[in-house]
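*Asks:* Contents of target-v2.cif (mmCIF, C-alpha atoms):
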data_structure
loop_
_atom_site.label_atom_id
_atom_site.label_comp_id
_atom_site.auth_asym_id
_atom_site.auth_seq_id
_atom_site.Cartn_x
_atom_site.Cartn_y
_atom_site.Cartn_z
CA ILE A 1 102.68 97.71 127.28
CA LYS A 2 102.92 95.22 130.10
CA GLY A 3 105.58 92.53 130.31
CA ASN A 4 106.03 90.67 127.05
CA VAL A 5 102.51 91.40 125.85
CA ILE A 6 101.87 94.40 123.64
CA HIS A 7 98.35 95.76 123.85
CA ILE A 8 97.48 97.15 120.43
CA GLU A 9 94.79 99.77 120.01
CA GLU A 10 92.08 99.03 117.45
CA ASP A 11 92.89 102.08 115.33
CA SER A 12 96.66 101.52 115.25
CA LYS A 13 98.66 101.62 112.03
CA PHE A 14 99.95 98.13 112.84
CA LEU A 15 96.46 96.62 112.72
CA LYS A 16 95.70 98.51 109.51
CA GLN A 17 98.89 97.08 107.99
CA MET A 18 97.94 93.62 109.24
CA TRP A 19 94.56 93.90 107.51
CA LYS A 20 96.31 94.94 104.28
CA VAL A 21 98.44 91.80 104.44
CA TYR A 22 95.40 89.66 105.21
CA GLU A 23 93.45 91.12 102.28
CA ALA A 24 96.43 90.76 99.94
CA ALA A 25 96.75 87.10 100.91
CA LEU A 26 93.02 86.56 100.63
CA PHE A 27 92.95 87.93 97.08
CA ASP A 28 96.19 86.20 96.00
CA GLU A 29 98.05 89.49 95.57
CA ILE A 30 101.21 88.14 97.19
CA ASP A 31 102.61 86.52 94.08
CA SER A 32 106.36 86.92 94.58
CA VAL A 33 109.03 86.59 97.22
CA TYR A 34 109.58 90.35 97.03
CA LYS A 35 105.96 91.19 97.78
CA CYS A 36 105.89 88.70 100.63
CA SER A 37 109.10 90.18 102.00
CA ASN A 38 107.74 93.71 101.65
CA TYR A 39 104.55 92.86 103.50
CA ALA A 40 106.50 91.15 106.29
CA TYR A 41 108.88 94.10 106.52
CA GLY A 42 105.95 96.51 106.64
CA LEU A 43 104.34 94.58 109.48
CA ILE A 44 107.54 94.39 111.49
CA MET A 45 108.26 98.10 111.01
CA GLU A 46 104.73 99.08 112.08
CA LEU A 47 105.00 96.87 115.16
CA LEU A 48 108.37 98.41 116.05
CA ASP A 49 107.02 101.91 115.47
CA TYR A 50 104.03 101.15 117.67
CA TYR A 51 106.20 99.68 120.42
CA ASN A 52 108.76 102.49 120.28
CA HIS A 53 106.05 105.15 120.19
CA ASN A 54 104.43 103.74 123.32
CA GLN A 55 107.77 103.30 125.10
CA ARG A 56 108.79 106.89 124.39
CA LYS A 57 105.35 108.23 125.25
CA LEU A 58 105.95 107.10 128.83
CA SER A 59 109.18 109.05 129.27
CA LEU A 60 108.85 112.16 127.10
CA ASN A 61 108.31 115.70 128.27
CA PRO A 62 104.52 116.20 127.89
CA LYS A 63 105.01 119.08 125.41
CA VAL A 64 107.42 117.00 123.31
CA SER A 65 105.09 114.01 123.47
CA LYS A 66 102.14 116.14 122.38
CA SER A 67 104.21 117.64 119.53
CA LYS A 68 105.36 114.21 118.37
CA GLU A 69 101.81 112.91 118.47
CA TYR A 70 100.60 115.95 116.52
CA ILE A 71 103.23 115.32 113.84
CA ASP A 72 102.41 111.58 113.71
CA ASN A 73 98.72 112.35 113.21
CA ASN A 74 99.08 115.30 110.82
CA TYR A 75 102.20 114.67 108.69
CA ASP A 76 99.91 114.31 105.68
CA LYS A 77 98.86 117.96 105.96
CA LEU A 78 100.84 121.11 105.20
CA ILE A 79 102.09 121.73 108.73
CA GLY A 80 105.17 123.52 109.99
CA LEU A 81 106.98 124.40 113.18
CA GLU A 82 104.81 127.45 113.86
CA GLU A 83 101.60 125.43 113.77
CA ILE A 84 103.05 122.67 115.96
CA CYS A 85 104.21 125.22 118.55
CA GLU A 86 100.83 126.93 118.49
CA LYS A 87 98.99 123.62 119.07
CA VAL A 88 101.28 122.71 121.96
CA GLY A 89 101.58 126.18 123.43
CA VAL A 90 105.36 126.62 123.47
CA SER A 91 107.95 128.77 121.71
CA LYS A 92 109.88 127.52 118.69
CA TYR A 93 113.13 127.75 120.62
CA TYR A 94 111.82 125.70 123.54
CA LEU A 95 110.28 123.01 121.35
CA CYS A 96 113.35 122.63 119.13
CA ARG A 97 115.68 122.37 122.13
CA GLU A 98 113.52 119.89 124.09
CA PHE A 99 112.50 117.85 121.03
CA LEU A 100 116.13 117.44 119.97
CA LYS A 101 117.14 116.49 123.51
CA GLU A 102 114.45 113.80 123.86
CA VAL A 103 113.86 112.52 120.32
CA GLY A 104 117.30 113.09 118.83
CA LEU A 105 115.91 115.10 115.90
CA THR A 106 114.52 118.59 115.47
CA PRO A 107 110.72 118.73 114.98
CA GLY A 108 111.27 119.56 111.30
CA ASN A 109 113.61 116.61 110.76
CA TYR A 110 111.26 114.31 112.64
CA LEU A 111 108.37 115.48 110.42
CA LEU A 112 110.51 114.81 107.35
CA LYS A 113 111.43 111.34 108.64
CA VAL A 114 107.77 110.47 109.25
CA ARG A 115 106.81 111.73 105.79
CA MET A 116 109.61 109.79 104.07
CA GLN A 117 108.66 106.57 105.90
CA ALA A 118 105.02 107.02 104.89
CA ALA A 119 106.03 107.79 101.30
CA ALA A 120 108.26 104.71 101.11
CA LYS A 121 105.40 102.51 102.32
CA LEU A 122 103.00 104.00 99.78
CA LEU A 123 105.54 103.60 96.98
CA LEU A 124 105.90 99.91 97.83
CA PHE A 125 102.32 99.03 98.63
CA ALA A 126 100.12 101.48 96.71
CA LYS A 127 101.26 100.74 93.16
CA ASP A 128 98.12 102.37 91.75
CA MET A 129 99.07 105.79 93.16
CA THR A 130 101.24 108.18 91.17
CA VAL A 131 104.27 109.86 92.73
CA GLU A 132 102.33 113.15 92.62
CA GLU A 133 99.41 111.59 94.56
CA ILE A 134 101.81 110.08 97.09
CA SER A 135 103.52 113.43 97.56
CA GLN A 136 100.17 115.04 98.38
CA ASN A 137 99.27 112.18 100.73
CA VAL A 138 102.39 112.75 102.80
CA GLY A 139 102.10 116.52 103.17
CA PHE A 140 103.89 117.95 100.13
CA SER A 141 102.12 120.44 97.88
CA CYS A 142 104.53 119.92 94.97
CA GLY A 143 105.48 116.56 93.49
CA ASN A 144 108.78 117.85 92.10
CA TYR A 145 109.88 119.16 95.49
CA PHE A 146 108.80 115.87 97.09
CA SER A 147 110.92 113.92 94.57
CA LYS A 148 113.92 116.14 95.28
CA VAL A 149 113.57 115.72 99.07
CA PHE A 150 112.96 111.96 98.73
CA LYS A 151 116.11 111.51 96.63
CA LYS A 152 118.16 113.59 99.07
CA SER A 153 116.82 111.57 102.04
CA LEU A 154 116.96 108.05 100.61
CA GLY A 155 119.53 108.35 97.84
CA VAL A 156 117.19 107.34 95.00
CA SER A 157 114.21 108.92 93.30
CA PRO A 158 110.70 107.76 94.27
CA THR A 159 110.35 106.01 90.90
CA GLU A 160 113.67 104.18 91.32
CA PHE A 161 112.71 103.20 94.87
CA ARG A 162 109.42 101.77 93.63
CA THR A 163 110.86 99.81 90.70
CA ASN A 164 114.25 98.61 91.97
CA ASP A 165 113.73 95.22 93.64
CA ASN A 166 117.31 95.22 94.93
CA LEU A 167 116.57 98.08 97.31
CA TYR A 168 114.46 95.94 99.60
CA ASP A 169 116.04 92.51 99.42
#
Please, can you express the file's structure as structure tokens?
*Replies:*
Amino acid sequence: IKGNVIHIEEDSKFLKQMWKVYEAALFDEIDSVYKCSNYAYGLIMELLDYYNHNQRKLSLNPKVSKSKEYIDNNYDKLIGLEEICEKVGVSKYYLCREFLKEVGLTPGNYLLKVRMQAAAKLLLFAKDMTVEEISQNVGFSCGNYFSKVFKKSLGVSPTEFRTNDNLYD
């Protein structure tokens, strides 16, 4: 990131989201104000995530940065604190303390946040996927447990989140 220009990598989630919007527009899939708003929101959130990720990458402890990157790239798999620590080469105590200090969340809570954000996007944009499929795509082995965690995190069930237009006005 240099000045007011953001250099976006070709394989970034933002560009993938941008292509989804382009394809949706091309095939006339944006047929309501809500869908248009959802696509715009998705783009803005991906751009902010990309910007924030790159800003933080510059200032983070290298072990925390590597852990965060590992979580961002592997949240869709069944990973836990032990595996993250092993990949980075630090103790659980060290990683939890440093991660909390720099990111403001424990590694486990950060993983949960990333998974819930990914699940929310899939619920809004991948209408053909079932809640069970979405749960597996964001690193949960059990759809019921995913639904319980989603409701606890966002205050509504995945099905309510998907169908209630008032949630994303």
*Asks:* For the structure provided, state which residues fall under the PyMOL selection byres ((chain A and resi 70) around 12), and present them as a ChimeraX atom specification.
*Replies:* /A:63-69,71-77,79-81,83-88,107,110-111,114
*Asks:* Would you save the residues from that selection as a compact mmCIF listing (two decimals), in the coordinates of the input, using C-alpha atoms?
*Replies:*
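What follows is the written file selection-v1.txt:
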# COMPACT_ATOMS: atom_id res chain seq x y z
CA LYS A 63 105.01 119.08 125.41
CA VAL A 64 107.42 117.00 123.31
CA SER A 65 105.09 114.01 123.47
CA LYS A 66 102.14 116.14 122.38
CA SER A 67 104.21 117.64 119.53
CA LYS A 68 105.36 114.21 118.37
CA GLU A 69 101.81 112.91 118.47
CA ILE A 71 103.23 115.32 113.84
CA ASP A 72 102.41 111.58 113.71
CA ASN A 73 98.72 112.35 113.21
CA ASN A 74 99.08 115.30 110.82
CA TYR A 75 102.20 114.67 108.69
CA ASP A 76 99.91 114.31 105.68
CA LYS A 77 98.86 117.96 105.96
CA ILE A 79 102.09 121.73 108.73
CA GLY A 80 105.17 123.52 109.99
CA LEU A 81 106.98 124.40 113.18
CA GLU A 83 101.60 125.43 113.77
CA ILE A 84 103.05 122.67 115.96
CA CYS A 85 104.21 125.22 118.55
CA GLU A 86 100.83 126.93 118.49
CA LYS A 87 98.99 123.62 119.07
CA VAL A 88 101.28 122.71 121.96
CA PRO A 107 110.72 118.73 114.98
CA TYR A 110 111.26 114.31 112.64
CA LEU A 111 108.37 115.48 110.42
CA VAL A 114 107.77 110.47 109.25
*Asks:* Can you tell me how far CA of Gly104 (chain A) sits from CA of Asp49 (chain A), in Å to one decimal?
*Replies:*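 A separation of 15.6 Å between them.
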*Asks:* On this structure, the PyMOL selection byres ((chain A and resi 146) around 12) would catch which residues? List them as a PyMOL selection string, sorted by chain and number.
*Replies:* chain A and resi 112+115-116+119-120+131-145+147-154+157-159
*Asks:* So how far away is CA of Val33 (chain A) from CA of Phe125 (chain A), in Å?
*Replies:*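 Calculated distance between CA of Phe125 (chain A) and CA of Val33 (chain A) is 14.2 Å.
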*Asks:* In Å to one decimal, how far is CA of Gly42 (chain A) from CA of Ile8 (chain A)?
*Replies:*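 We find that CA of Ile8 (chain A) and CA of Gly42 (chain A) lie 16.2 Å from each other.
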*Asks:* Spell out the residues picked by the PyMOL selection byres ((chain A and resi 17) around 12) here, as a list in words.
*Replies:*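 Selected by the PyMOL selection byres ((chain A and resi 17) around 12) here: Glu10, Asp11, Ser12, Lys13, Phe14, Leu15, Lys16, Met18, Trp19, Lys20, Val21, Tyr22, Glu23, Ala24, Asn38, Tyr39, Ala40, Tyr41, Gly42, Leu43, Ile44, Met45, Glu46, Leu47, Tyr50, Lys121, Leu122 and Phe125 of chain A.
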*Asks:* Using all atoms listed in the file, find the one residue out of A:Asn109, A:Thr130, A:Glu9, A:Leu78 that sits nearest to Tyr51 (chain A).
*Replies:*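 With all atoms listed in the file as the atom set, the closest residue is A:Glu9.
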